[in-house]
Amino acid sequence: MGFAQRRRRLLDAIDTDAFLTVNREGSDPASLYYLTGFSGEGALLLSEDEALLLTDSRYTEQAGREAPDLPMRELKGPYIDGVSEIASAKGLERITFSSARMSHENALKLGAAFNGEIVPKSDPVAGLRMVKEPGEIERIRKATTLTEAALTALLEEIRIGMTERDLVLRLEILMREMGAQRTAFELIIAAGENAALPHYQPADRAIAAGDLLLFDIGAKLDRYCSDMTRVVAVGRAPKGLESVYATVLAANRAGIAAVRAGQSGVAADAAARDVITTAGHGEHFGHGLGHGVGLEVHEGPGLSPRSTDTLAAGMTVTVEPGIYLPGTGGVRIEDLVAVTQDGCEVLTSFPKDELLVVG
């Protein structure tokens, strides 16, 4: 599906004259790129008669290269003023904008400057992006393969005494050497007791024999993200945590088995959560089972007890159950899967069937 077809689907999904997205200071790069192929700062004013790309002198040449099919207008002043002036000149009366993406301040400015009505809708482009095209899934697959290759190389270099920050830096270098644009998010490498914090920020903790090392990592390649979590033991497996690893692995497998088109996010989550609860660790699994991955590392749909989503073929989601024991450590096993009509394709292939020992 091309960019023009995506824009057509968006127009069909709204009931106003036009749609506006503005990407300034990273406010909405995903929507702008998804609809145009342009990766710089700018705005898209999309109406039935025209898709108009608006940017400034820093990006006009880039816009011409990345979105050659679109008419482009160079703005000289504030974006909101320029958009409002153009929209009014085009005779537009009602414009939809993403209330989840545009700041309250800019929405107020747009409402004050535009002669017509601005209509908030949570995130209509994100709704379209949930179901991936085959080419998007292939990009995610390649980002996943790169992530796995970088982790494989890093594990061979791990030595007792290295710090979490040492490992994070080395892993990012490996990813970039292998062709990644950047990391998909701030990499998480947590040693020992730090693995009990699901969104831990790596520090100067040196790894020691008997530590569990948790890697929550992902690369961005060709603008699409990967996301994977694996846990390994340093030197020897820590006593008492082998059974925790086995429980999380069983929950991971149950979650994957539950993912298929037509399944609710609540039911998929429950399939994995029930395994952990039965093992006596229900209170140690506090987050949802998974989330969508694509142009952004966290997008819809969601797999959790509070999810309102239903899975459809073409969605790409993580399956990442975990058990976190304060003061001791944690285990999370995360795979990335593509939903199919009767199940799912697991895009992640990094070994997980047993607890690997490194260093």
# chains A, B, ... in the order shown; residues from 1 in each chain; ligands from 1
$ closest_atom_pairs --of "stretch 181-280 of chain A" --to "stretch 318-326 of chain A" --cutoff "7 Å" --atoms "only C-alpha atoms" --output "tab-separated table"
residue	atom	partner	partner_atom	distance
A:Ala196	CA	A:Tyr324	CA	4.6
A:Val248	CA	A:Gly322	CA	5.9
A:Ala251	CA	A:Pro321	CA	6.4
A:Asn252	CA	A:Pro321	CA	5.9
A:Gly255	CA	A:Val319	CA	6.3
A:Ile256	CA	A:Val319	CA	6.5
A:Ala272	CA	A:Pro321	CA	6.8
$ write_last_selection --atoms "C-alpha atoms" --output "PDB file, in the first residue's frame"
ATOM      1  CA  ALA A 196      13.426  -6.455  39.545  1.00  0.00           C
ATOM      2  CA  VAL A 248       8.107 -17.183  32.859  1.00  0.00           C
ATOM      3  CA  ALA A 251       3.831 -18.104  30.484  1.00  0.00           C
ATOM      4  CA  ASN A 252       5.573 -16.753  27.381  1.00  0.00           C
ATOM      5  CA  GLY A 255       0.762 -16.141  25.636  1.00  0.00           C
ATOM      6  CA  ILE A 256       2.109 -16.859  22.160  1.00  0.00           C
ATOM      7  CA  ALA A 272       0.022 -15.991  30.226  1.00  0.00           C
TER       8      ALA A 272
END
$ select_by_dssp --residues "stretch 70-143 of chain A" --states "strand (DSSP E)" --output "PyMOL selection string"
chain A and resi 72-74+94-98+117-121
$ write_last_selection --atoms "all heavy atoms" --output "compact mmCIF listing (two decimals), in the first residue's frame"
# COMPACT_ATOMS: atom_id res chain seq x y z
N MET A 72 4.33 20.99 -2.08
CA MET A 72 5.00 21.42 -0.84
C MET A 72 5.00 22.94 -0.76
O MET A 72 5.18 23.61 -1.76
CB MET A 72 6.42 20.86 -0.81
CG MET A 72 7.15 21.05 0.50
SD MET A 72 8.33 22.40 0.39
CE MET A 72 9.48 21.75 -0.82
N ARG A 73 4.77 23.45 0.44
CA ARG A 73 4.76 24.87 0.68
C ARG A 73 5.77 25.19 1.78
O ARG A 73 5.75 24.54 2.83
CB ARG A 73 3.36 25.33 1.11
CG ARG A 73 3.17 26.85 1.19
CD ARG A 73 2.74 27.43 -0.12
NE ARG A 73 1.54 26.82 -0.66
CZ ARG A 73 0.30 27.24 -0.42
NH1 ARG A 73 0.09 28.28 0.39
NH2 ARG A 73 -0.73 26.64 -1.00
N GLU A 74 6.64 26.17 1.53
CA GLU A 74 7.60 26.55 2.55
C GLU A 74 7.01 27.63 3.45
O GLU A 74 6.53 28.66 2.97
CB GLU A 74 8.89 27.08 1.90
CG GLU A 74 9.96 27.46 2.91
CD GLU A 74 11.24 27.95 2.26
OE1 GLU A 74 11.65 27.37 1.22
OE2 GLU A 74 11.82 28.94 2.78
N ARG A 94 -13.96 22.56 8.83
CA ARG A 94 -13.74 21.69 9.99
C ARG A 94 -12.49 20.84 9.76
O ARG A 94 -12.38 20.18 8.72
CB ARG A 94 -14.94 20.79 10.26
CG ARG A 94 -16.25 21.55 10.48
CD ARG A 94 -17.44 20.61 10.62
NE ARG A 94 -17.42 19.88 11.89
CZ ARG A 94 -17.47 18.56 11.99
NH1 ARG A 94 -17.52 17.81 10.89
NH2 ARG A 94 -17.48 17.97 13.17
N ILE A 95 -11.58 20.87 10.71
CA ILE A 95 -10.32 20.13 10.58
C ILE A 95 -10.17 19.19 11.78
O ILE A 95 -10.28 19.62 12.94
CB ILE A 95 -9.10 21.08 10.54
CG1 ILE A 95 -9.18 21.98 9.31
CG2 ILE A 95 -7.80 20.30 10.54
CD1 ILE A 95 -8.05 23.01 9.25
N THR A 96 -9.91 17.92 11.48
CA THR A 96 -9.62 16.96 12.53
C THR A 96 -8.13 17.02 12.88
O THR A 96 -7.29 17.13 11.98
CB THR A 96 -9.97 15.52 12.09
OG1 THR A 96 -11.38 15.43 11.87
CG2 THR A 96 -9.55 14.49 13.12
N PHE A 97 -7.83 16.94 14.17
CA PHE A 97 -6.43 16.83 14.59
C PHE A 97 -6.33 15.76 15.66
O PHE A 97 -7.33 15.39 16.30
CB PHE A 97 -5.89 18.16 15.11
CG PHE A 97 -6.44 18.56 16.46
CD1 PHE A 97 -5.71 18.32 17.63
CD2 PHE A 97 -7.67 19.20 16.57
CE1 PHE A 97 -6.21 18.68 18.86
CE2 PHE A 97 -8.17 19.56 17.80
CZ PHE A 97 -7.44 19.30 18.96
N SER A 98 -5.14 15.23 15.86
CA SER A 98 -4.92 14.19 16.86
C SER A 98 -4.71 14.83 18.22
O SER A 98 -3.66 15.43 18.48
CB SER A 98 -3.71 13.33 16.49
OG SER A 98 -3.39 12.46 17.56
N GLU A 117 -13.75 25.28 12.57
CA GLU A 117 -13.80 24.46 13.78
C GLU A 117 -12.68 23.41 13.74
O GLU A 117 -12.44 22.78 12.71
CB GLU A 117 -15.16 23.76 13.88
CG GLU A 117 -15.30 22.83 15.07
CD GLU A 117 -16.59 22.02 15.04
OE1 GLU A 117 -17.34 22.16 14.05
OE2 GLU A 117 -16.83 21.25 15.98
N ILE A 118 -12.01 23.23 14.85
CA ILE A 118 -11.04 22.14 14.94
C ILE A 118 -11.66 21.03 15.79
O ILE A 118 -12.28 21.28 16.82
CB ILE A 118 -9.69 22.59 15.52
CG1 ILE A 118 -9.84 23.17 16.92
CG2 ILE A 118 -9.04 23.62 14.59
CD1 ILE A 118 -8.51 23.38 17.63
N VAL A 119 -11.53 19.79 15.32
CA VAL A 119 -12.23 18.65 15.92
C VAL A 119 -11.20 17.65 16.44
O VAL A 119 -10.46 17.05 15.66
CB VAL A 119 -13.14 17.97 14.88
CG1 VAL A 119 -13.85 16.78 15.51
CG2 VAL A 119 -14.14 18.98 14.32
N PRO A 120 -11.11 17.46 17.75
CA PRO A 120 -10.14 16.51 18.29
C PRO A 120 -10.58 15.07 18.07
O PRO A 120 -11.75 14.73 18.23
CB PRO A 120 -10.11 16.86 19.78
CG PRO A 120 -11.46 17.43 20.07
CD PRO A 120 -11.87 18.15 18.82
N LYS A 121 -9.65 14.22 17.68
CA LYS A 121 -9.86 12.78 17.62
C LYS A 121 -8.58 12.15 18.15
O LYS A 121 -7.48 12.54 17.74
CB LYS A 121 -10.14 12.33 16.18
CG LYS A 121 -10.61 10.89 16.09
CD LYS A 121 -11.13 10.55 14.69
CE LYS A 121 -11.64 9.12 14.66
NZ LYS A 121 -12.20 8.76 13.33
$ closest_residue --among "A:Leu214, A:Lys239, A:Phe3, A:Val331" --to "A:Ile276" --atoms "only C-alpha atoms"
A:Val331
$ closest_residue --among "A:Glu296, A:Glu85, A:Glu157, A:Asp49" --to "A:Tyr34" --atoms "only C-alpha atoms"
A:Glu296
$ closest_residue --among "A:Ala67, A:Ala254, A:Ala219, A:Met228" --to "A:Ala270" --atoms "only C-alpha atoms"
A:Ala254
$ atom_distance --atom1 "atom CA of A:Thr278" --atom2 "atom CA of A:Leu213"
25.3 Å
$ atom_distance --atom1 "atom CA of A:Leu52" --atom2 "atom CA of A:Leu35"
11.2 Å
$ residues_around --residues "stretch 200-207 of chain A" --least-positions-apart "2" --cutoff "10 Å" --atoms "only C-alpha atoms" --output "JSON, numbers by chain"
{"A": [158, 159, 160, 161, 162, 163, 164, 165, 166, 167, 168, 186, 187, 188, 189, 190, 191, 192, 194, 195, 196, 197, 198, 209, 210, 211, 212, 213, 214, 216, 234, 359]}
$ atom_distance --atom1 "atom CA of A:Phe19" --atom2 "atom CA of A:Gly40"
18.6 Å
$ residues_around --residues "stretch 297-312 of chain A" --least-positions-apart "6" --cutoff "9 Å" --atoms "only C-alpha atoms" --output "PyMOL selection string"
chain A and resi 126-127+129-131+184-185+218+220+224-227+259-270+287-291+318-319+339-341
$ residues_around --residues "A:Tyr245" --least-positions-apart "3" --cutoff "10 Å" --atoms "only C-alpha atoms" --output "ChimeraX atom specification"
/A:231-232,240-242,248-251,322-323,330-333,352-355
$ closest_residue --among "A:Leu174, A:Leu70, A:Ala89, A:Ile14" --to "A:Leu151" --atoms "only C-alpha atoms"
A:Leu174
$ closest_residue --among "A:Ala233, A:Val293, A:Leu20, A:Met178" --to "A:Val125" --atoms "only C-alpha atoms"
A:Leu20
$ select_by_dssp --residues "stretch 61-115 of chain A" --states "alpha helix (DSSP H)" --output "ChimeraX atom specification"
/A:61-66,79-89,104-113
$ write_last_selection --atoms "N, CA, C and O atoms" --output "CSV table (one decimal), in the first residue's frame"
chain,number,residue,atom,x,y,z
A,61,GLU,N,14.5,20.8,0.8
A,61,GLU,CA,15.2,19.9,-0.1
A,61,GLU,C,14.9,18.4,0.3
A,61,GLU,O,14.7,17.6,-0.5
A,62,GLN,N,15.0,18.2,1.6
A,62,GLN,CA,14.7,16.8,2.1
A,62,GLN,C,13.3,16.4,1.7
A,62,GLN,O,13.0,15.3,1.3
A,63,ALA,N,12.3,17.3,1.9
A,63,ALA,CA,10.9,17.0,1.6
A,63,ALA,C,10.8,16.7,0.1
A,63,ALA,O,10.0,15.7,-0.3
A,64,GLY,N,11.5,17.4,-0.8
A,64,GLY,CA,11.4,17.1,-2.2
A,64,GLY,C,12.0,15.7,-2.5
A,64,GLY,O,11.5,15.1,-3.5
A,65,ARG,N,13.0,15.3,-1.8
A,65,ARG,CA,13.6,14.0,-2.0
A,65,ARG,C,12.7,12.8,-1.5
A,65,ARG,O,12.5,11.8,-2.2
A,66,GLU,N,12.1,13.1,-0.3
A,66,GLU,CA,11.4,12.0,0.4
A,66,GLU,C,10.0,11.9,0.0
A,66,GLU,O,9.4,10.8,0.1
A,79,TYR,N,4.4,27.7,12.5
A,79,TYR,CA,3.7,26.7,11.7
A,79,TYR,C,2.1,26.8,11.9
A,79,TYR,O,1.4,26.7,10.9
A,80,ILE,N,1.7,27.0,13.1
A,80,ILE,CA,0.3,27.1,13.3
A,80,ILE,C,-0.3,28.3,12.6
A,80,ILE,O,-1.4,28.1,12.0
A,81,ASP,N,0.3,29.4,12.5
A,81,ASP,CA,-0.2,30.5,11.8
A,81,ASP,C,-0.2,30.2,10.3
A,81,ASP,O,-1.2,30.6,9.6
A,82,GLY,N,0.8,29.6,9.8
A,82,GLY,CA,0.9,29.3,8.4
A,82,GLY,C,-0.2,28.3,8.0
A,82,GLY,O,-0.9,28.4,7.0
A,83,VAL,N,-0.4,27.2,8.8
A,83,VAL,CA,-1.5,26.3,8.6
A,83,VAL,C,-2.8,26.9,8.6
A,83,VAL,O,-3.7,26.7,7.7
A,84,SER,N,-3.1,27.7,9.6
A,84,SER,CA,-4.4,28.4,9.7
A,84,SER,C,-4.7,29.3,8.5
A,84,SER,O,-5.8,29.3,8.0
A,85,GLU,N,-3.7,30.0,8.1
A,85,GLU,CA,-3.9,30.9,6.9
A,85,GLU,C,-4.2,30.1,5.7
A,85,GLU,O,-5.1,30.5,4.9
A,86,ILE,N,-3.5,29.0,5.4
A,86,ILE,CA,-3.7,28.2,4.2
A,86,ILE,C,-5.1,27.5,4.3
A,86,ILE,O,-5.8,27.5,3.3
A,87,ALA,N,-5.4,27.0,5.5
A,87,ALA,CA,-6.7,26.3,5.6
A,87,ALA,C,-7.9,27.3,5.4
A,87,ALA,O,-8.9,26.9,4.8
A,88,SER,N,-7.8,28.5,5.9
A,88,SER,CA,-8.8,29.4,5.7
A,88,SER,C,-8.9,29.8,4.2
A,88,SER,O,-10.0,30.0,3.7
A,89,ALA,N,-7.8,30.0,3.6
A,89,ALA,CA,-7.8,30.3,2.1
A,89,ALA,C,-8.4,29.2,1.3
A,89,ALA,O,-9.0,29.5,0.3
A,104,HIS,N,-1.7,20.8,24.0
A,104,HIS,CA,-2.9,21.6,24.4
A,104,HIS,C,-2.6,23.1,23.9
A,104,HIS,O,-3.5,23.7,23.4
A,105,GLU,N,-1.4,23.5,24.1
A,105,GLU,CA,-1.1,24.9,23.7
A,105,GLU,C,-1.3,25.1,22.2
A,105,GLU,O,-1.9,26.1,21.8
A,106,ASN,N,-0.7,24.2,21.4
A,106,ASN,CA,-0.9,24.4,20.0
A,106,ASN,C,-2.3,24.2,19.5
A,106,ASN,O,-2.8,24.9,18.6
A,107,ALA,N,-3.1,23.3,20.2
A,107,ALA,CA,-4.5,23.2,19.9
A,107,ALA,C,-5.2,24.5,20.1
A,107,ALA,O,-6.1,24.9,19.3
A,108,LEU,N,-4.9,25.2,21.2
A,108,LEU,CA,-5.5,26.4,21.5
A,108,LEU,C,-5.2,27.5,20.5
A,108,LEU,O,-6.0,28.3,20.1
A,109,LYS,N,-3.9,27.5,20.1
A,109,LYS,CA,-3.4,28.5,19.1
A,109,LYS,C,-4.1,28.2,17.8
A,109,LYS,O,-4.5,29.2,17.1
A,110,LEU,N,-4.2,27.0,17.4
A,110,LEU,CA,-4.9,26.6,16.1
A,110,LEU,C,-6.4,27.0,16.2
A,110,LEU,O,-6.9,27.6,15.2
A,111,GLY,N,-7.0,26.8,17.3
A,111,GLY,CA,-8.4,27.1,17.4
A,111,GLY,C,-8.6,28.6,17.4
A,111,GLY,O,-9.6,29.1,16.8
A,112,ALA,N,-7.7,29.4,17.9
A,112,ALA,CA,-7.8,30.9,17.9
A,112,ALA,C,-7.5,31.4,16.5
A,112,ALA,O,-8.1,32.5,16.1
A,113,ALA,N,-6.6,30.8,15.8
A,113,ALA,CA,-6.2,31.4,14.5
A,113,ALA,C,-7.0,30.9,13.3
A,113,ALA,O,-7.2,31.7,12.3
